[in-house]
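See below for start_18.cif, which holds mmCIF, C-alpha atoms and all ligand atoms.
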data_run
#
loop_
_atom_site.label_atom_id
_atom_site.label_comp_id
_atom_site.auth_asym_id
_atom_site.auth_seq_id
_atom_site.Cartn_x
_atom_site.Cartn_y
_atom_site.Cartn_z
CA MET A 1 -2.48 92.27 -43.29
CA PRO A 2 -1.21 89.15 -41.56
CA THR A 3 -0.71 89.43 -37.83
CA ARG A 4 2.42 88.24 -36.13
CA ARG A 5 0.51 85.25 -34.91
CA ALA A 6 -0.82 84.42 -38.37
CA ILE A 7 2.72 84.49 -39.71
CA LEU A 8 3.84 82.25 -36.88
CA ASN A 9 1.02 79.86 -37.66
CA SER A 10 1.97 79.80 -41.33
CA VAL A 11 5.50 78.91 -40.39
CA THR A 12 4.17 76.24 -38.09
CA THR A 13 2.01 74.85 -40.88
CA LEU A 14 5.05 74.55 -43.10
CA LEU A 15 6.86 72.73 -40.34
CA VAL A 16 3.92 70.40 -39.95
CA LEU A 17 4.01 69.60 -43.65
CA ALA A 18 7.77 69.22 -43.60
CA PHE A 19 7.74 66.70 -40.81
CA ALA A 20 4.48 65.01 -41.75
CA ALA A 21 3.30 65.27 -38.19
CA PRO A 22 -0.23 64.24 -37.30
CA VAL A 23 -2.85 66.76 -38.29
CA ALA A 24 -4.64 68.33 -35.38
CA ALA A 25 -8.36 68.75 -35.02
CA HIS A 26 -10.02 71.53 -36.90
CA SER A 27 -11.85 74.11 -34.92
CA ASP A 28 -15.19 72.36 -35.44
CA GLU A 29 -13.92 69.15 -33.88
CA ALA A 30 -13.52 68.70 -30.16
CA ILE A 31 -9.93 68.79 -28.94
CA ARG A 32 -8.86 65.54 -27.37
CA VAL A 33 -7.82 66.38 -23.83
CA VAL A 34 -6.53 63.96 -21.23
CA ALA A 35 -6.48 65.03 -17.59
CA THR A 36 -4.65 62.90 -15.08
CA PHE A 37 -7.31 63.09 -12.36
CA SER A 38 -10.90 64.15 -11.82
CA ILE A 39 -10.28 67.69 -10.54
CA LEU A 40 -8.23 68.61 -13.61
CA GLY A 41 -10.82 66.93 -15.82
CA ASP A 42 -13.55 69.10 -14.34
CA MET A 43 -11.51 72.26 -14.80
CA ALA A 44 -10.76 71.33 -18.41
CA LYS A 45 -14.47 70.85 -19.10
CA ARG A 46 -15.28 74.22 -17.55
CA VAL A 47 -12.70 76.04 -19.66
CA GLY A 48 -13.09 74.00 -22.84
CA GLY A 49 -16.85 73.55 -22.82
CA GLU A 50 -18.18 71.96 -25.99
CA HIS A 51 -14.83 72.32 -27.75
CA VAL A 52 -13.07 69.67 -25.71
CA ASP A 53 -13.48 65.94 -25.34
CA VAL A 54 -12.00 65.21 -21.91
CA THR A 55 -10.75 61.83 -20.76
CA THR A 56 -9.83 61.55 -17.08
CA LEU A 57 -7.35 58.86 -16.09
CA VAL A 58 -7.94 58.63 -12.32
CA GLY A 59 -11.68 58.84 -11.88
CA PRO A 60 -13.97 59.83 -8.99
CA ASP A 61 -12.85 58.64 -5.55
CA GLY A 62 -9.59 57.38 -7.07
CA ASP A 63 -6.22 57.77 -5.39
CA THR A 64 -3.81 59.36 -7.86
CA HIS A 65 -0.79 58.86 -5.56
CA VAL A 66 -0.86 55.10 -5.99
CA TYR A 67 -2.58 54.84 -9.36
CA GLN A 68 -1.47 52.23 -11.87
CA PRO A 69 -2.10 53.28 -15.47
CA THR A 70 -3.84 50.85 -17.80
CA PRO A 71 -3.24 50.13 -21.49
CA ALA A 72 -6.41 52.14 -22.18
CA ASP A 73 -4.77 55.11 -20.46
CA ALA A 74 -1.73 54.81 -22.72
CA ARG A 75 -4.01 54.77 -25.77
CA ALA A 76 -5.89 57.84 -24.54
CA VAL A 77 -2.62 59.70 -23.94
CA SER A 78 -1.23 58.69 -27.34
CA GLU A 79 -4.29 60.22 -29.01
CA ALA A 80 -4.41 63.33 -26.83
CA GLU A 81 -3.64 66.76 -28.21
CA VAL A 82 -3.50 68.24 -24.73
CA LEU A 83 -2.38 66.43 -21.59
CA ILE A 84 -3.13 68.22 -18.33
CA VAL A 85 -1.11 67.14 -15.31
CA ASN A 86 -0.79 68.53 -11.80
CA GLY A 87 2.98 68.28 -11.51
CA LEU A 88 4.91 68.61 -8.21
CA GLU A 89 5.44 64.82 -8.34
CA PHE A 90 1.76 64.12 -7.76
CA GLU A 91 1.56 61.71 -10.69
CA GLY A 92 4.61 59.54 -9.98
CA TRP A 93 3.54 57.13 -12.74
CA LEU A 94 3.29 59.80 -15.42
CA ASP A 95 6.70 59.64 -17.10
CA ARG A 96 6.42 55.93 -17.73
CA LEU A 97 2.93 56.41 -19.14
CA ILE A 98 4.09 59.16 -21.47
CA ASP A 99 7.00 57.05 -22.65
CA ALA A 100 4.68 54.13 -23.29
CA SER A 101 2.20 56.26 -25.21
CA GLU A 102 4.64 58.29 -27.34
CA PHE A 103 2.59 61.37 -26.56
CA ASP A 104 3.50 64.28 -28.80
CA GLY A 105 0.95 66.94 -27.91
CA VAL A 106 0.98 69.87 -25.54
CA ARG A 107 1.57 69.02 -21.92
CA VAL A 108 0.17 71.47 -19.38
CA VAL A 109 1.60 71.45 -15.87
CA ALA A 110 -1.35 72.99 -14.05
CA THR A 111 0.68 74.08 -11.02
CA HIS A 112 3.18 75.98 -13.13
CA GLY A 113 3.52 79.48 -11.71
CA ILE A 114 2.23 78.77 -8.20
CA GLU A 115 4.39 79.09 -5.15
CA PRO A 116 4.45 75.53 -3.83
CA LEU A 117 4.55 74.67 -0.16
CA PRO A 118 7.29 72.31 0.98
CA ALA A 119 6.23 68.72 1.53
CA GLU A 120 7.37 68.89 5.13
CA HIS A 121 5.27 71.75 6.26
CA GLY A 122 6.84 71.78 9.70
CA ALA A 123 4.68 74.18 11.66
CA HIS A 124 1.63 71.99 12.05
CA ASP A 125 0.48 73.59 15.26
CA GLU A 126 0.61 77.16 14.13
CA HIS A 127 -1.42 79.11 11.70
CA MET A 128 0.39 79.98 8.59
CA GLU A 129 0.37 83.73 8.80
CA ASP A 130 3.55 84.27 6.88
CA GLU A 131 3.94 86.50 3.88
CA GLU A 132 1.07 86.78 1.46
CA HIS A 133 1.98 84.99 -1.69
CA ASP A 134 2.21 87.29 -4.63
CA GLU A 135 0.61 84.95 -7.08
CA HIS A 136 0.25 87.67 -9.67
CA ALA A 137 3.97 87.89 -10.09
CA GLU A 138 3.97 84.35 -11.32
CA HIS A 139 0.86 84.41 -13.44
CA ASP A 140 2.69 85.23 -16.59
CA ASP A 141 4.04 81.84 -17.33
CA HIS A 142 1.88 79.00 -18.40
CA GLY A 143 3.04 75.54 -17.74
CA MET A 144 2.98 74.40 -21.28
CA GLU A 145 5.61 72.05 -22.42
CA THR A 146 5.21 71.90 -26.11
CA ALA A 147 6.41 68.64 -27.53
CA ALA A 148 5.83 70.05 -30.99
CA ASP A 149 3.85 72.79 -32.59
CA GLU A 150 2.29 70.58 -35.20
CA HIS A 151 -1.13 70.98 -33.65
CA ASP A 152 -1.21 74.55 -34.69
CA ASP A 153 -2.37 74.02 -38.22
CA HIS A 154 -4.55 77.07 -38.37
CA GLY A 155 -2.07 79.13 -40.27
CA ASP A 156 -4.44 79.80 -43.12
CA HIS A 157 -7.01 81.24 -40.82
CA ASP A 158 -7.38 84.92 -40.18
CA HIS A 159 -7.05 85.53 -36.48
CA ALA A 160 -7.88 89.20 -36.78
CA GLU A 161 -11.39 88.41 -35.54
CA HIS A 162 -9.96 87.80 -32.08
CA ASP A 163 -8.75 91.34 -31.97
CA ASP A 164 -12.30 92.53 -31.53
CA HIS A 165 -12.92 90.50 -28.42
CA ALA A 166 -13.39 92.24 -25.13
CA GLU A 167 -10.84 89.98 -23.51
CA ASP A 168 -8.31 90.89 -26.11
CA ASP A 169 -5.83 92.36 -23.65
CA GLU A 170 -5.65 89.18 -21.76
CA HIS A 171 -5.65 87.15 -24.92
CA ALA A 172 -2.84 89.19 -26.39
CA GLU A 173 -0.87 88.76 -23.24
CA HIS A 174 -1.23 85.02 -23.46
CA ASP A 175 -0.39 85.01 -27.13
CA ASP A 176 2.87 86.67 -26.31
CA HIS A 177 3.75 83.59 -24.37
CA ALA A 178 2.61 81.15 -26.99
CA GLU A 179 5.98 81.16 -28.66
CA ASP A 180 7.99 81.16 -25.48
CA ASP A 181 10.13 78.12 -25.48
CA GLU A 182 10.18 75.73 -22.63
CA HIS A 183 13.48 77.03 -21.34
CA ALA A 184 12.33 80.60 -21.17
CA MET A 185 9.47 79.48 -18.98
CA HIS A 186 11.65 77.53 -16.63
CA ASP A 187 14.06 80.41 -16.45
CA ASP A 188 11.33 82.34 -14.68
CA HIS A 189 12.28 80.32 -11.65
CA ALA A 190 15.97 81.01 -12.00
CA GLY A 191 15.99 83.36 -9.05
CA ASP A 192 14.67 80.77 -6.69
CA ASP A 193 16.90 77.81 -6.07
CA ASP A 194 14.14 75.90 -4.33
CA HIS A 195 12.21 75.69 -7.55
CA HIS A 196 15.00 73.69 -9.12
CA ALA A 197 14.83 71.10 -6.41
CA HIS A 198 12.03 69.11 -7.99
CA ASP A 199 13.21 66.00 -6.22
CA HIS A 200 10.61 63.44 -5.41
CA GLY A 201 8.35 64.82 -2.76
CA ALA A 202 10.13 68.17 -2.32
CA PHE A 203 6.84 70.02 -2.55
CA ASP A 204 3.32 69.37 -1.42
CA PRO A 205 1.43 68.56 -4.62
CA HIS A 206 -2.10 69.28 -3.32
CA ALA A 207 -2.13 72.88 -4.57
CA TRP A 208 -5.73 72.61 -5.87
CA GLN A 209 -6.74 72.81 -2.21
CA SER A 210 -6.17 76.55 -2.60
CA LEU A 211 -8.79 78.36 -4.66
CA ARG A 212 -6.16 81.04 -5.35
CA HIS A 213 -3.95 78.44 -6.93
CA ALA A 214 -6.92 76.97 -8.79
CA THR A 215 -7.04 80.25 -10.70
CA VAL A 216 -3.49 79.57 -11.90
CA TYR A 217 -4.51 76.05 -12.90
CA VAL A 218 -7.35 77.50 -14.96
CA ASP A 219 -5.06 80.09 -16.55
CA ASN A 220 -2.63 77.38 -17.60
CA ILE A 221 -5.45 75.27 -19.04
CA ALA A 222 -6.98 78.22 -20.93
CA ALA A 223 -3.59 79.14 -22.39
CA ALA A 224 -2.95 75.58 -23.57
CA LEU A 225 -6.36 75.11 -25.16
CA SER A 226 -5.99 78.48 -26.89
CA LYS A 227 -2.62 77.47 -28.22
CA VAL A 228 -3.89 74.22 -29.67
CA ASP A 229 -7.16 75.71 -30.92
CA PRO A 230 -6.66 79.46 -31.44
CA ASP A 231 -9.94 79.78 -33.35
CA ASN A 232 -11.82 79.24 -30.09
CA ALA A 233 -9.45 81.13 -27.83
CA GLY A 234 -12.08 83.82 -27.25
CA THR A 235 -14.46 81.22 -25.88
CA TYR A 236 -11.81 79.65 -23.69
CA TYR A 237 -10.99 82.99 -22.12
CA GLN A 238 -14.67 83.83 -21.65
CA ASN A 239 -15.18 80.46 -19.94
CA ARG A 240 -12.08 81.05 -17.89
CA ALA A 241 -13.32 84.47 -16.74
CA ALA A 242 -16.73 83.14 -15.72
CA TYR A 243 -15.14 80.23 -13.87
CA VAL A 244 -12.61 82.42 -12.07
CA ASP A 245 -15.50 84.61 -10.87
CA GLU A 246 -17.02 81.51 -9.28
CA LEU A 247 -13.68 80.45 -7.77
CA GLU A 248 -13.22 83.89 -6.23
CA ALA A 249 -16.78 84.02 -4.92
CA LEU A 250 -16.34 80.63 -3.27
CA ASP A 251 -13.01 81.71 -1.80
CA ALA A 252 -14.74 84.69 -0.17
CA GLU A 253 -17.56 82.42 1.02
CA ILE A 254 -15.13 80.01 2.69
CA HIS A 255 -13.21 82.85 4.33
CA GLU A 256 -16.49 83.98 5.89
CA LEU A 257 -17.39 80.46 6.93
CA VAL A 258 -14.06 79.84 8.63
CA ALA A 259 -13.76 83.32 10.14
CA GLY A 260 -16.38 82.43 12.75
CA LEU A 261 -14.44 79.49 14.16
CA PRO A 262 -12.82 80.06 17.54
CA GLU A 263 -9.02 80.07 17.72
CA GLY A 264 -9.09 76.98 19.91
CA SER A 265 -10.82 74.76 17.36
CA ARG A 266 -8.85 75.36 14.22
CA THR A 267 -6.76 72.22 14.20
CA VAL A 268 -8.00 69.42 12.02
CA VAL A 269 -6.99 65.78 11.84
CA THR A 270 -7.19 64.06 8.46
CA SER A 271 -5.91 60.78 7.12
CA HIS A 272 -3.08 62.07 4.91
CA ASP A 273 -1.36 65.42 4.69
CA ALA A 274 -3.39 66.89 1.83
CA PHE A 275 -4.80 70.14 3.20
CA GLN A 276 -1.80 72.38 3.86
CA TYR A 277 -2.77 74.77 1.06
CA PHE A 278 -6.32 74.96 2.36
CA GLY A 279 -5.00 75.55 5.88
CA HIS A 280 -2.61 78.19 4.63
CA ASP A 281 -5.38 80.14 2.91
CA TYR A 282 -7.95 79.96 5.69
CA GLY A 283 -5.93 79.87 8.89
CA LEU A 284 -6.53 76.24 9.81
CA SER A 285 -3.93 73.68 10.85
CA PHE A 286 -4.04 70.15 9.55
CA ILE A 287 -2.30 67.16 11.09
CA ALA A 288 -2.33 63.63 9.74
CA PRO A 289 -0.82 60.23 10.57
CA GLN A 290 0.25 59.87 6.94
CA GLY A 291 2.47 62.22 4.91
CA VAL A 292 1.77 64.08 1.67
CA SER A 293 1.46 60.81 -0.23
CA THR A 294 -0.87 57.96 0.62
CA GLU A 295 2.07 55.75 -0.30
CA SER A 296 3.91 56.59 2.90
CA GLU A 297 3.85 54.13 5.75
CA VAL A 298 2.29 55.00 9.07
CA SER A 299 4.32 53.82 12.04
CA ALA A 300 2.95 52.98 15.46
CA GLN A 301 4.99 55.93 16.73
CA ASP A 302 3.28 58.30 14.30
CA VAL A 303 -0.09 57.13 15.54
CA ALA A 304 0.92 57.41 19.18
CA ARG A 305 2.22 60.93 18.64
CA LEU A 306 -0.95 61.94 16.85
CA ILE A 307 -3.10 60.57 19.67
CA LEU A 308 -1.10 62.65 22.16
CA GLN A 309 -1.52 65.73 19.97
CA ILE A 310 -5.26 65.20 19.71
CA ARG A 311 -5.52 64.97 23.49
CA ASP A 312 -3.16 67.90 24.13
CA LEU A 313 -4.95 70.18 21.72
CA GLY A 314 -8.40 69.04 22.75
CA ILE A 315 -9.29 68.14 19.19
CA ARG A 316 -12.87 66.94 19.09
CA ALA A 317 -13.25 65.77 15.53
CA VAL A 318 -11.21 63.82 12.99
CA PHE A 319 -12.06 63.55 9.32
CA ILE A 320 -11.94 60.59 7.00
CA GLU A 321 -11.19 60.85 3.29
CA ASN A 322 -13.01 59.58 0.25
CA ILE A 323 -9.82 58.11 -1.22
CA ALA A 324 -8.45 56.42 1.88
CA ASP A 325 -9.26 53.55 4.16
CA SER A 326 -11.01 55.02 7.20
CA ARG A 327 -10.08 52.33 9.72
CA LEU A 328 -6.99 54.04 11.12
CA LEU A 329 -8.88 57.28 11.72
CA GLU A 330 -11.76 55.36 13.30
CA ARG A 331 -9.33 53.71 15.67
CA ILE A 332 -7.76 57.07 16.52
CA ALA A 333 -11.21 58.53 17.14
CA ASP A 334 -12.02 55.60 19.45
CA GLU A 335 -8.82 56.03 21.44
CA THR A 336 -9.17 59.78 21.88
CA GLY A 337 -12.91 60.19 22.18
CA ALA A 338 -12.91 62.44 19.12
CA VAL A 339 -15.83 62.08 16.75
CA ILE A 340 -15.66 61.48 13.01
CA GLY A 341 -16.46 64.94 11.69
CA GLY A 342 -17.29 63.77 8.20
CA THR A 343 -15.65 62.85 4.94
CA LEU A 344 -13.29 65.24 3.21
CA TYR A 345 -12.24 65.12 -0.43
CA PRO A 346 -8.48 65.69 -0.59
CA GLY A 347 -7.73 64.87 -4.21
CA ALA A 348 -10.60 63.29 -6.10
CA LEU A 349 -14.15 64.28 -6.85
CA SER A 350 -17.11 62.12 -5.90
CA GLY A 351 -19.29 60.47 -8.48
CA PRO A 352 -22.17 62.49 -9.94
CA ASP A 353 -24.54 61.56 -7.08
CA GLY A 354 -22.04 62.29 -4.31
CA PRO A 355 -21.43 65.58 -2.50
CA ALA A 356 -18.45 66.65 -4.64
CA PRO A 357 -19.11 66.00 -8.33
CA THR A 358 -17.27 69.19 -9.37
CA TYR A 359 -14.22 71.00 -8.06
CA LEU A 360 -16.36 73.88 -6.76
CA ASP A 361 -18.71 71.41 -5.04
CA MET A 362 -15.70 69.64 -3.54
CA MET A 363 -14.19 72.79 -2.06
CA ARG A 364 -17.57 73.91 -0.71
CA HIS A 365 -18.27 70.47 0.74
CA ASN A 366 -14.88 70.31 2.49
CA ALA A 367 -15.29 73.80 3.94
CA THR A 368 -18.84 73.28 5.20
CA THR A 369 -17.99 69.85 6.62
CA LEU A 370 -15.05 71.34 8.52
CA ALA A 371 -16.96 74.42 9.69
CA GLN A 372 -19.91 72.35 10.95
CA ALA A 373 -17.73 69.94 12.87
CA LEU A 374 -15.42 72.60 14.34
CA ALA A 375 -18.09 75.14 15.28
CA PRO A 376 -18.66 75.48 19.03
ZN ZN B 1 -2.94 63.36 -1.55
#

Encoded form (structure tokens):
Amino acid sequence: MPTRRAILNSVTTLLVLAFAAPVAAHSDEAIRVVATFSILGDMAKRVGGEHVDVTTLVGPDGDTHVYQPTPADARAVSEAEVLIVNGLEFEGWLDRLIDASEFDGVRVVATHGIEPLPAEHGAHDEHMEDEEHDEHAEHDDHGMETAADEHDDHGDHDHAEHDDHAEDDEHAEHDDHAEDDEHAMHDDHAGDDDHHAHDHGAFDPHAWQSLRHATVYVDNIAAALSKVDPDNAGTYYQNRAAYVDELEALDAEIHELVAGLPEGSRTVVTSHDAFQYFGHDYGLSFIAPQGVSTESEVSAQDVARLILQIRDLGIRAVFIENIADSRLLERIADETGAVIGGTLYPGALSGPDGPAPTYLDMMRHNATTLAQALAP
């Protein structure tokens, strides 16, 4: 007996034929996935495994804020079945790239469903001990913006086999959302006016700096891959579950690492304002001469104010970033007598031989670098 999903797929297949849309990969071919930057690329590989062929636009040590897409990027996007983006205005160059590439696949906004922090965090000198975010309340929507359903050409396939999978509950839950239209998803935010204010820079885009939010990223990616390639949905959700276990274990590890730091040495100076989510989760405060984008200008006043703060707060270490010029921070360290505590990875992985070749490595590296430098 055909399942609801099988019927839906049959209908989709007819639509595909009717509109002569491109035929998607069969389940034995890797899905072509494009991720805008290295962290998303790593997550996509973890969830997709051998079933995905991932192209990353902004590579290791690259600065996504100021990236300039190439013609090769436009080609990769035009051929992609799934495009994974961070959202929250992180990829300011994205819309032009999509227009240029005539992308018609499934776009995943990885941050969809998180509770974003405002770009102007405001309370830099205090620990963020406000209300616990109820991320579960928002887990139900997956940031898929489906340009068209033509990729779902598996209508002739019997999906009943998935019903036997242990993760069926979860899978079924996600399937219920597969036919949600875009508007239904956005309506989830209807109760919160702030979520409609997606003006440039309204929110801090660096949500991957929270391992809690990373779980939402992974959920969104798993849902999108399962939608495009339902035959392998069981594998995607198994991969997701194993990965989330690792994310949660690392989260606990970092909590333990940071718990030992004295109250007086929990303020951290970095180059740009990329660690508010990390600070929020672990009770650290981050201050930076530059705002949430590396595009923003640093004035002499900003630097002077930061130097005063470093002296006032007795901050002993400042941290440089893999994606940014370190000269300003070196000058600030010189002027204040603070030491360079190490290199943090705000928004790009290292190359394979560096300390942060994967997202998990990156988060662990940042946490241990901070804890070592801030420990008494
Ligand atoms: Zn950044």

Give me, as a PyMOL selection string, the set of residues whose atoms come within 12 Å of any atom of ligand ZN 1 (chain B), counting all atoms listed in the file.
chain A and resi 37+61-67+86+88-92+119+201+203-209+270-277+288+290-296+321-324+344-348

Around all of region 291-296 of chain A's listed atoms, make the axis-aligned box with 3 Å on each side and tell me centre and edge lengths in Å to one decimal, as AutoDock Vina command-line options.
--center_x 1.5 --center_y 59.9 --center_z 2.3 --size_x 10.8 --size_y 14.3 --size_z 11.2

Please provide as a compact mmCIF listing (two decimals) with C-alpha atoms, in the frame of the given file all residues within 12 Å of Glu335 (chain A), with the sequence filter that same-chain residues fewer than 4 positions apart are discarded (counting only C-alpha atoms).
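Contents of selection-v6.txt, as written:
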# COMPACT_ATOMS: atom_id res chain seq x y z
CA VAL A 303 -0.09 57.13 15.54
CA ALA A 304 0.92 57.41 19.18
CA LEU A 306 -0.95 61.94 16.85
CA ILE A 307 -3.10 60.57 19.67
CA LEU A 308 -1.10 62.65 22.16
CA ILE A 310 -5.26 65.20 19.71
CA ARG A 311 -5.52 64.97 23.49
CA ARG A 316 -12.87 66.94 19.09
CA VAL A 318 -11.21 63.82 12.99
CA LEU A 328 -6.99 54.04 11.12
CA LEU A 329 -8.88 57.28 11.72
CA GLU A 330 -11.76 55.36 13.30
CA ARG A 331 -9.33 53.71 15.67
CA VAL A 339 -15.83 62.08 16.75

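Shell of Ala356 (chain A) at 8 Å, with all atoms listed in the file counted and residues fewer than 6 places along the chain excluded, is Tyr345, Leu349, Ser350, Met362, Met363 and His365 of chain A.
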
Could you write out that same residue set with C-alpha atoms as a compact mmCIF listing (two decimals), keeping the file's coordinate frame?
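Produced file again.txt, reproduced below:
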# COMPACT_ATOMS: atom_id res chain seq x y z
CA TYR A 345 -12.24 65.12 -0.43
CA LEU A 349 -14.15 64.28 -6.85
CA SER A 350 -17.11 62.12 -5.90
CA MET A 362 -15.70 69.64 -3.54
CA MET A 363 -14.19 72.79 -2.06
CA HIS A 365 -18.27 70.47 0.74

Skipping near chain neighbours, those fewer than 6 positions away, what residues fall within 9 Å of Thr368 (chain A) using only C-alpha atoms, listed as a VMD selection string?
chain A and resid 254 257 to 258

Selection above as a file: C-alpha atoms, as a compact mmCIF listing (two decimals), in the frame of the given file:
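The resulting file, out-v2.txt, is reproduced below:
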# COMPACT_ATOMS: atom_id res chain seq x y z
CA ILE A 254 -15.13 80.01 2.69
CA LEU A 257 -17.39 80.46 6.93
CA VAL A 258 -14.06 79.84 8.63
